[in-house]
file target.cif (mmCIF, C-alpha atoms)
data_data
#
loop_
_atom_site.label_atom_id
_atom_site.label_comp_id
_atom_site.auth_asym_id
_atom_site.auth_seq_id
_atom_site.Cartn_x
_atom_site.Cartn_y
_atom_site.Cartn_z
CA ARG A 1 7.77 23.17 -26.76
CA SER A 2 10.80 21.03 -27.45
CA CYS A 3 11.72 18.36 -24.94
CA ARG A 4 15.19 19.96 -24.94
CA ASP A 5 13.97 23.35 -23.71
CA SER A 6 14.77 22.55 -20.10
CA ARG A 7 15.61 19.64 -17.84
CA THR A 8 12.12 19.81 -16.36
CA GLY A 9 10.61 19.77 -19.84
CA ALA A 10 12.75 16.80 -20.82
CA MET A 11 11.62 14.85 -17.77
CA ALA A 12 7.98 15.70 -18.49
CA CYS A 13 8.36 14.46 -22.07
CA VAL A 14 9.95 11.23 -20.88
CA ALA A 15 7.06 10.67 -18.48
CA ARG A 16 4.46 11.45 -21.16
CA ARG A 17 6.07 9.01 -23.58
CA GLY A 18 6.11 6.29 -20.95
CA LEU A 19 2.49 6.93 -20.10
CA ALA A 20 1.54 6.96 -23.78
CA ARG A 21 3.18 3.55 -24.25
CA TRP A 22 1.31 2.24 -21.24
CA ALA A 23 -2.00 3.66 -22.48
CA ARG A 24 -1.55 1.98 -25.86
CA SER A 25 -0.68 -1.30 -24.15
CA PHE A 26 -3.61 -0.95 -21.78
CA ALA A 27 -6.03 -0.30 -24.64
CA ALA A 28 -4.68 -3.17 -26.70
CA GLY A 29 -4.75 -5.64 -23.85
CA THR A 30 -8.51 -6.07 -23.62
CA SER A 31 -11.49 -5.64 -25.92
CA SER A 32 -13.23 -3.61 -23.23
CA THR A 33 -10.57 -1.37 -21.73
CA PRO A 34 -10.83 -1.19 -17.91
CA PRO A 35 -10.54 2.23 -16.25
CA VAL A 36 -7.17 3.43 -14.99
CA PRO A 37 -6.90 2.66 -11.24
CA GLU A 38 -8.00 5.52 -9.02
CA THR A 39 -4.72 5.48 -7.11
CA MET A 40 -1.74 4.98 -9.37
CA SER A 41 1.46 6.84 -10.16
CA TYR A 42 4.27 6.48 -12.65
CA LEU A 43 7.87 6.57 -11.40
CA ARG A 44 10.71 7.05 -13.83
CA ASN A 45 14.34 6.43 -12.91
CA LEU A 46 15.98 9.45 -14.53
CA ARG A 47 19.40 7.77 -14.39
CA ASN A 48 18.75 4.52 -16.23
CA GLY A 49 15.24 4.80 -17.69
CA ASP A 50 13.65 2.11 -15.52
CA GLU A 51 9.87 2.52 -15.08
CA VAL A 52 7.62 1.73 -12.12
CA TYR A 53 3.82 1.68 -12.29
CA LEU A 54 2.98 2.14 -8.62
CA VAL A 55 -0.50 0.80 -7.83
CA GLY A 56 -1.90 1.79 -4.43
CA THR A 57 -4.41 -0.63 -2.98
CA ALA A 58 -6.73 -1.22 -0.06
CA HIS A 59 -6.03 -4.64 1.35
CA ILE A 60 -9.63 -5.82 1.69
CA SER A 61 -10.83 -4.34 -1.59
CA ARG A 62 -11.94 -6.68 -4.36
CA LYS A 63 -11.71 -3.75 -6.73
CA SER A 64 -8.02 -3.33 -5.88
CA ALA A 65 -7.38 -6.95 -6.81
CA ASP A 66 -9.10 -6.47 -10.17
CA GLU A 67 -7.08 -3.29 -10.79
CA VAL A 68 -3.81 -5.09 -10.10
CA ARG A 69 -4.74 -7.86 -12.53
CA ASN A 70 -5.69 -5.37 -15.25
CA VAL A 71 -2.54 -3.29 -14.89
CA ILE A 72 -0.21 -6.30 -14.96
CA ARG A 73 -1.94 -7.74 -18.00
CA SER A 74 -1.77 -4.45 -19.89
CA VAL A 75 1.75 -3.36 -18.89
CA ARG A 76 3.25 -6.90 -19.10
CA PRO A 77 6.11 -5.91 -16.78
CA ASP A 78 9.56 -7.43 -16.50
CA THR A 79 9.19 -7.31 -12.71
CA VAL A 80 6.29 -7.49 -10.26
CA PHE A 81 7.09 -5.89 -6.90
CA LEU A 82 4.84 -6.72 -3.96
CA GLU A 83 4.58 -5.28 -0.46
CA LEU A 84 5.33 -8.68 1.03
CA CYS A 85 8.26 -10.19 2.88
CA ASP A 86 9.43 -13.77 2.36
CA ALA A 87 7.52 -15.15 5.36
CA ARG A 88 4.23 -13.48 4.42
CA ALA A 89 4.60 -14.53 0.79
CA ALA A 90 5.22 -18.13 1.83
CA ALA A 91 2.14 -18.06 4.07
CA MET A 92 0.14 -16.60 1.20
CA ARG A 93 1.25 -19.33 -1.21
CA ARG A 94 0.22 -21.92 1.38
CA SER A 95 -3.20 -20.31 1.69
CA MET A 96 -3.52 -20.23 -2.11
CA SER A 97 -2.96 -23.98 -2.16
CA GLY A 98 -5.56 -24.50 0.59
CA LYS A 99 -3.01 -25.49 3.24
CA SER A 100 -3.72 -22.80 5.82
CA ASP A 101 -6.63 -21.11 7.52
CA GLU A 102 -7.07 -17.41 6.74
CA GLY A 103 -9.66 -16.84 9.44
CA GLY A 104 -9.21 -15.18 12.81
CA ILE A 105 -6.68 -12.61 13.92
CA PRO A 106 -3.67 -12.09 11.64
CA GLU A 107 -0.67 -13.93 13.07
CA PRO A 108 1.51 -10.79 13.31
CA LEU A 109 -1.11 -9.11 15.50
CA ARG A 110 -1.43 -12.23 17.65
CA GLN A 111 2.36 -12.25 18.15
CA LEU A 112 2.39 -8.56 19.05
CA LEU A 113 -0.40 -8.90 21.63
CA SER A 114 1.44 -11.85 23.17
CA ALA A 115 4.72 -9.92 23.28
CA LEU A 116 2.99 -7.01 25.03
CA GLY A 117 1.71 -9.33 27.73
CA ALA A 118 -1.92 -9.55 26.68
CA PRO A 119 -3.91 -12.62 27.77
CA GLY A 120 -4.19 -15.21 25.04
CA ASP A 121 -7.78 -14.43 24.11
CA LEU A 122 -7.64 -10.64 24.46
CA GLY A 123 -7.37 -10.03 20.75
CA GLU A 124 -10.25 -12.39 20.04
CA LYS A 125 -12.45 -10.50 22.51
CA MET A 126 -11.45 -7.16 20.99
CA LEU A 127 -12.49 -8.23 17.54
CA GLY A 128 -15.55 -10.08 18.75
CA ALA A 129 -16.78 -6.87 20.38
CA GLY A 130 -16.30 -4.99 17.12
CA LEU A 131 -13.30 -2.99 18.36
CA LYS A 132 -11.27 -3.30 15.16
CA THR A 133 -9.00 -0.27 15.25
CA VAL A 134 -5.76 -2.20 15.61
CA TYR A 135 -6.80 -4.81 13.07
CA ASN A 136 -7.75 -2.11 10.55
CA MET A 137 -4.40 -0.42 11.13
CA PHE A 138 -2.61 -3.67 10.30
CA ARG A 139 -4.70 -4.10 7.16
CA MET A 140 -4.15 -0.51 6.05
CA SER A 141 -0.39 -0.82 6.43
CA GLY A 142 -0.17 -4.20 4.72
CA MET A 143 0.64 -6.53 7.61
CA ASP A 144 -2.47 -8.57 6.81
CA PRO A 145 -1.97 -9.04 3.07
CA GLY A 146 -4.99 -9.00 0.85
CA LYS A 147 -6.23 -10.56 -2.34
CA GLU A 148 -4.40 -8.06 -4.57
CA PHE A 149 -1.09 -9.66 -3.54
CA LYS A 150 -2.39 -13.12 -4.40
CA VAL A 151 -3.36 -11.76 -7.80
CA GLY A 152 0.12 -10.25 -8.12
CA ILE A 153 1.75 -13.62 -7.43
CA GLU A 154 -0.59 -15.43 -9.84
CA GLU A 155 -0.08 -12.91 -12.65
CA SER A 156 3.67 -12.82 -12.15
CA ASP A 157 3.77 -16.61 -12.44
CA ARG A 158 1.48 -16.52 -15.47
CA ILE A 159 3.58 -14.11 -17.55
CA GLY A 160 6.97 -15.25 -16.25
CA ALA A 161 7.84 -11.90 -14.68
CA ARG A 162 10.48 -11.65 -11.99
CA LEU A 163 8.85 -11.44 -8.55
CA VAL A 164 10.41 -9.08 -6.01
CA LEU A 165 9.21 -9.34 -2.41
CA GLY A 166 9.93 -5.80 -1.38
CA ASP A 167 8.74 -5.39 2.21
CA ARG A 168 10.89 -5.59 5.31
CA SER A 169 10.76 -8.85 7.27
CA GLN A 170 7.68 -8.96 9.45
CA ASP A 171 9.91 -10.03 12.36
CA LEU A 172 11.89 -6.78 12.06
CA THR A 173 8.69 -4.75 11.80
CA LEU A 174 7.23 -6.47 14.85
CA ARG A 175 10.44 -5.81 16.76
CA ALA A 176 10.25 -2.12 15.84
CA LEU A 177 6.58 -2.06 16.76
CA ARG A 178 7.22 -3.68 20.16
CA ASP A 179 9.73 -0.92 20.85
CA ALA A 180 7.22 1.74 19.75
CA ILE A 181 3.94 0.68 21.34
CA THR A 182 2.64 -0.43 24.72
CA LEU A 183 -0.45 -2.35 25.73
CA PRO A 184 -1.99 0.87 27.16
CA ASP A 185 -1.51 2.40 23.70
CA ILE A 186 -3.55 -0.43 22.18
CA LEU A 187 -6.25 -0.10 24.83
CA ARG A 188 -6.38 3.66 24.19
CA MET A 189 -6.80 2.98 20.45
CA ILE A 190 -9.69 0.59 20.83
CA THR A 191 -11.51 2.66 23.46
CA GLY A 192 -11.46 5.80 21.34
CA GLY A 193 -8.55 7.55 23.04
CA GLY A 194 -7.15 8.25 19.59
CA SER A 195 -10.35 9.64 18.10
CA MET A 196 -10.20 11.34 14.71
CA GLN A 197 -9.31 15.03 14.69
CA TRP A 198 -11.36 16.81 12.02
CA ARG A 199 -9.51 20.11 12.20
CA ASP A 200 -7.97 21.03 8.81
CA VAL A 201 -9.74 18.11 7.10
CA ASP A 202 -11.70 18.93 3.94
CA PRO A 203 -15.43 19.17 4.84
CA GLN A 204 -16.40 16.86 1.95
CA LEU A 205 -13.97 14.27 3.27
CA VAL A 206 -15.41 14.66 6.77
CA GLU A 207 -18.86 13.88 5.37
CA ARG A 208 -17.47 10.83 3.63
CA PHE A 209 -15.94 9.56 6.88
CA LYS A 210 -19.25 10.08 8.67
CA ARG A 211 -21.04 7.87 6.12
CA VAL A 212 -18.70 4.95 6.77
CA ASP A 213 -20.24 1.82 8.25
CA TRP A 214 -17.40 -0.26 9.71
CA ASN A 215 -19.80 -3.18 10.15
CA ASP A 216 -19.41 -3.52 6.37
CA PRO A 217 -15.62 -3.11 6.09
CA GLU A 218 -15.37 -3.78 2.37
CA SER A 219 -17.90 -1.08 1.48
CA ALA A 220 -16.24 1.25 3.99
CA VAL A 221 -12.86 0.75 2.37
CA GLU A 222 -14.24 1.42 -1.13
CA LEU A 223 -15.82 4.64 0.15
CA LEU A 224 -12.53 5.80 1.64
CA LYS A 225 -10.19 4.50 -1.08
CA THR A 226 -8.79 7.88 -2.05
CA ARG A 227 -5.36 9.38 -1.49
CA GLU A 228 -6.88 12.20 0.53
CA ALA A 229 -8.78 9.87 2.88
CA VAL A 230 -5.77 7.63 3.49
CA ARG A 231 -3.62 10.72 4.07
CA ALA A 232 -6.07 11.85 6.76
CA LEU A 233 -5.97 8.44 8.46
CA THR A 234 -2.19 8.18 8.42
CA GLY A 235 -1.94 11.78 9.60
CA GLN A 236 -4.06 10.83 12.59
CA MET A 237 -1.73 7.92 13.31
CA ARG A 238 1.27 10.24 13.14
CA ARG A 239 -0.29 12.71 15.58
CA GLU A 240 -1.46 10.15 18.13
CA PHE A 241 1.21 7.45 17.78
CA PRO A 242 4.25 8.86 15.94
CA ARG A 243 6.55 5.99 16.89
CA VAL A 244 4.00 3.50 15.59
CA ALA A 245 3.79 5.42 12.31
CA SER A 246 7.57 5.29 12.04
CA ALA A 247 7.64 1.50 12.56
CA MET A 248 4.68 0.65 10.35
CA LEU A 249 5.05 3.25 7.60
CA ASP A 250 8.27 5.29 7.44
CA GLN A 251 10.82 2.55 8.03
CA ARG A 252 9.07 0.27 5.54
CA ASP A 253 8.79 3.10 2.98
CA ASP A 254 12.58 3.45 3.21
CA HIS A 255 13.03 -0.28 2.65
CA MET A 256 10.58 -0.52 -0.26
CA THR A 257 11.89 2.55 -2.08
CA ASP A 258 15.42 1.15 -1.87
CA GLY A 259 14.14 -2.11 -3.35
CA LEU A 260 12.36 -0.36 -6.21
CA LEU A 261 15.52 1.59 -7.05
CA ASN A 262 18.02 -1.24 -6.70
CA LYS A 263 16.22 -4.56 -7.21
CA CYS A 264 13.82 -3.76 -10.06
CA SER A 265 14.92 -3.30 -13.66
CA GLY A 266 13.11 -2.53 -16.88
CA ARG A 267 9.39 -2.10 -16.45
CA THR A 268 7.90 -2.85 -13.02
CA VAL A 269 4.38 -3.00 -11.63
CA ALA A 270 4.64 -2.33 -7.89
CA VAL A 271 1.68 -3.18 -5.63
CA VAL A 272 1.62 -1.46 -2.24
CA GLY A 273 -0.94 -0.31 0.28
CA MET A 274 -2.15 3.23 -0.35
CA ALA A 275 -0.71 4.34 2.99
CA HIS A 276 2.77 3.85 1.53
CA MET A 277 2.33 5.83 -1.70
CA ASP A 278 3.17 9.30 -0.35
CA GLY A 279 6.30 8.03 1.36
CA ILE A 280 7.56 6.07 -1.64
CA GLU A 281 6.90 8.96 -4.04
CA SER A 282 8.67 11.43 -1.74
CA ARG A 283 11.71 9.19 -1.35
CA TRP A 284 11.79 8.55 -5.11
CA ARG A 285 11.88 12.30 -5.79
CA ASP A 286 14.70 12.69 -3.28
CA ALA A 287 16.65 9.91 -4.98
CA MET A 288 16.19 11.65 -8.34
CA GLY A 289 17.60 14.88 -6.95
CA GLY A 290 14.36 16.33 -5.69
CA ASP A 291 13.08 17.61 -9.02
CA GLY A 292 11.17 14.89 -10.82
CA GLY A 293 10.62 11.29 -11.71
CA VAL A 294 7.05 11.02 -10.36
CA THR A 295 3.83 11.51 -12.32
CA LEU A 296 0.44 11.16 -10.63
CA ILE A 297 -1.69 9.36 -13.20
CA SER A 298 -5.13 9.64 -11.62
#
call {"tool": "encode", "arguments": {"input": "target.cif", "output": "structure tokens"}}
result
Amino acid sequence: RSCRDSRTGAMACVARRGLARWARSFAAGTSSTPPVPETMSYLRNLRNGDEVYLVGTAHISRKSADEVRNVIRSVRPDTVFLELCDARAAAMRRSMSGKSDEGGIPEPLRQLLSALGAPGDLGEKMLGAGLKTVYNMFRMSGMDPGKEFKVGIEESDRIGARLVLGDRSQDLTLRALRDAITLPDILRMITGGGSMQWRDVDPQLVERFKRVDWNDPESAVELLKTREAVRALTGQMRREFPRVASAMLDQRDDHMTDGLLNKCSGRTVAVVGMAHMDGIESRWRDAMGGDGGVTLIS
């Protein structure tokens, strides 16, 4: 069918052409072509033709870091967009130069526990006892940035791409989180008060969750690094702690989508935590009039 048959057909053709260009670039970029990332989508600005290759990552996944490197090297974008704010990017650059310690509790979590009135070593005891629910939530939502963002900074510097730090200030997010959560909420999280609800979850996904060994967090993340699994986890957060989900996910999705639409031009590789992909894609469709602009690649 002709690309002029309908508006929907025209948009589909535009997306296919963009993906075909990317596939050719991807294949030409290496002698042994890496696989397309398992969680990636293609966003097309139907008003000006700008392109976004949205790469969803897990923040403690080595595989995610490799995927980000491969996509940037094959796409060779004009812009690299990262789910970082200025303060977190500066801290990351310091750690890349060996000037800071990456161990222990993430500083944003330490600040939050302090603001909620927790004793100074409460967070340390939580983690030391293996009660990592809050910490995993921060990692999933991007507040403890992972290696894939370091790779994004390195590759952006290497190819001379414009770097856009697209996340909301961590101070604003912490302020929103302080308004949304209480210390009893945190204690309920770590003592199992917010246990997973398996109703309406695909049985195969339930089995996958049951095989997870959180004593080996990297392997656990690779096992659960699918859109469906992350959707189940964020859905649980929304049911149990809706105001927390708003602060950590929805408000930041608003901010990042606005940045992708208004601060990125030409061809962009955007690196975000998988928990943000649904929200960004939904907001992108709304911005395009609700009828296109998003292609799920894998």
call {"tool": "atom_distance", "arguments": {"input": "target.cif", "atom1": "atom CA of A:Leu46", "atom2": "atom CA of A:Val269"}}
result
17.3 Å
call {"tool": "resolve_selection", "arguments": {"input": "target.cif", "expression": "the PyMOL selection byres ((chain A and resi 168) around 8)", "output": "list in words"}}
result
Leu84, Cys85, Gly166, Asp167, Ser169, Gln170, Leu172, Thr173, Arg252, His255 and Met256 of chain A
call {"tool": "closest_residue", "arguments": {"input": "target.cif", "among": "A:Val151, A:Leu261, A:Ala180, A:Val212", "to": "A:His59", "atoms": "only C-alpha atoms"}}
result
A:Val151
call {"tool": "atom_distance", "arguments": {"input": "target.cif", "atom1": "atom CA of A:Ser97", "atom2": "atom CA of A:Glu148"}}
result
16.2 Å
call {"tool": "atom_distance", "arguments": {"input": "target.cif", "atom1": "atom CA of A:Thr226", "atom2": "atom CA of A:Asp50"}}
result
26.8 Å
call {"tool": "closest_residue", "arguments": {"input": "target.cif", "among": "A:Gly98, A:Pro184, A:Gly293, A:Gly266", "to": "A:Tyr42", "atoms": "all atoms listed in the file"}}
result
A:Gly293
call {"tool": "resolve_selection", "arguments": {"input": "target.cif", "expression": "the PyMOL selection byres ((chain A and resi 284) around 8)", "output": "list of chain:residue names"}}
result
A:Leu43, A:Thr257, A:Ile280, A:Glu281, A:Ser282, A:Arg283, A:Arg285, A:Asp286, A:Ala287, A:Met288, A:Gly293, A:Val294
call {"tool": "write_last_selection", "arguments": {"input": "target.cif", "atoms": "C-alpha atoms", "output": "compact mmCIF listing (two decimals), in the frame of the given file"}}
result
# COMPACT_ATOMS: atom_id res chain seq x y z
CA LEU A 43 7.87 6.57 -11.40
CA THR A 257 11.89 2.55 -2.08
CA ILE A 280 7.56 6.07 -1.64
CA GLU A 281 6.90 8.96 -4.04
CA SER A 282 8.67 11.43 -1.74
CA ARG A 283 11.71 9.19 -1.35
CA ARG A 285 11.88 12.30 -5.79
CA ASP A 286 14.70 12.69 -3.28
CA ALA A 287 16.65 9.91 -4.98
CA MET A 288 16.19 11.65 -8.34
CA GLY A 293 10.62 11.29 -11.71
CA VAL A 294 7.05 11.02 -10.36
call {"tool": "closest_residue", "arguments": {"input": "target.cif", "among": "A:Gly279, A:Tyr53, A:Asn215, A:Ser246", "to": "A:Ser74", "atoms": "all atoms listed in the file"}}
result
A:Tyr53
call {"tool": "closest_residue", "arguments": {"input": "target.cif", "among": "A:Asp157, A:Asp250, A:Asp213, A:Glu207", "to": "A:Leu177", "atoms": "only C-alpha atoms"}}
result
A:Asp250
call {"tool": "closest_residue", "arguments": {"input": "target.cif", "among": "A:Glu154, A:Asp253, A:Asp258, A:Asp86", "to": "A:Arg73", "atoms": "all atoms listed in the file"}}
result
A:Glu154
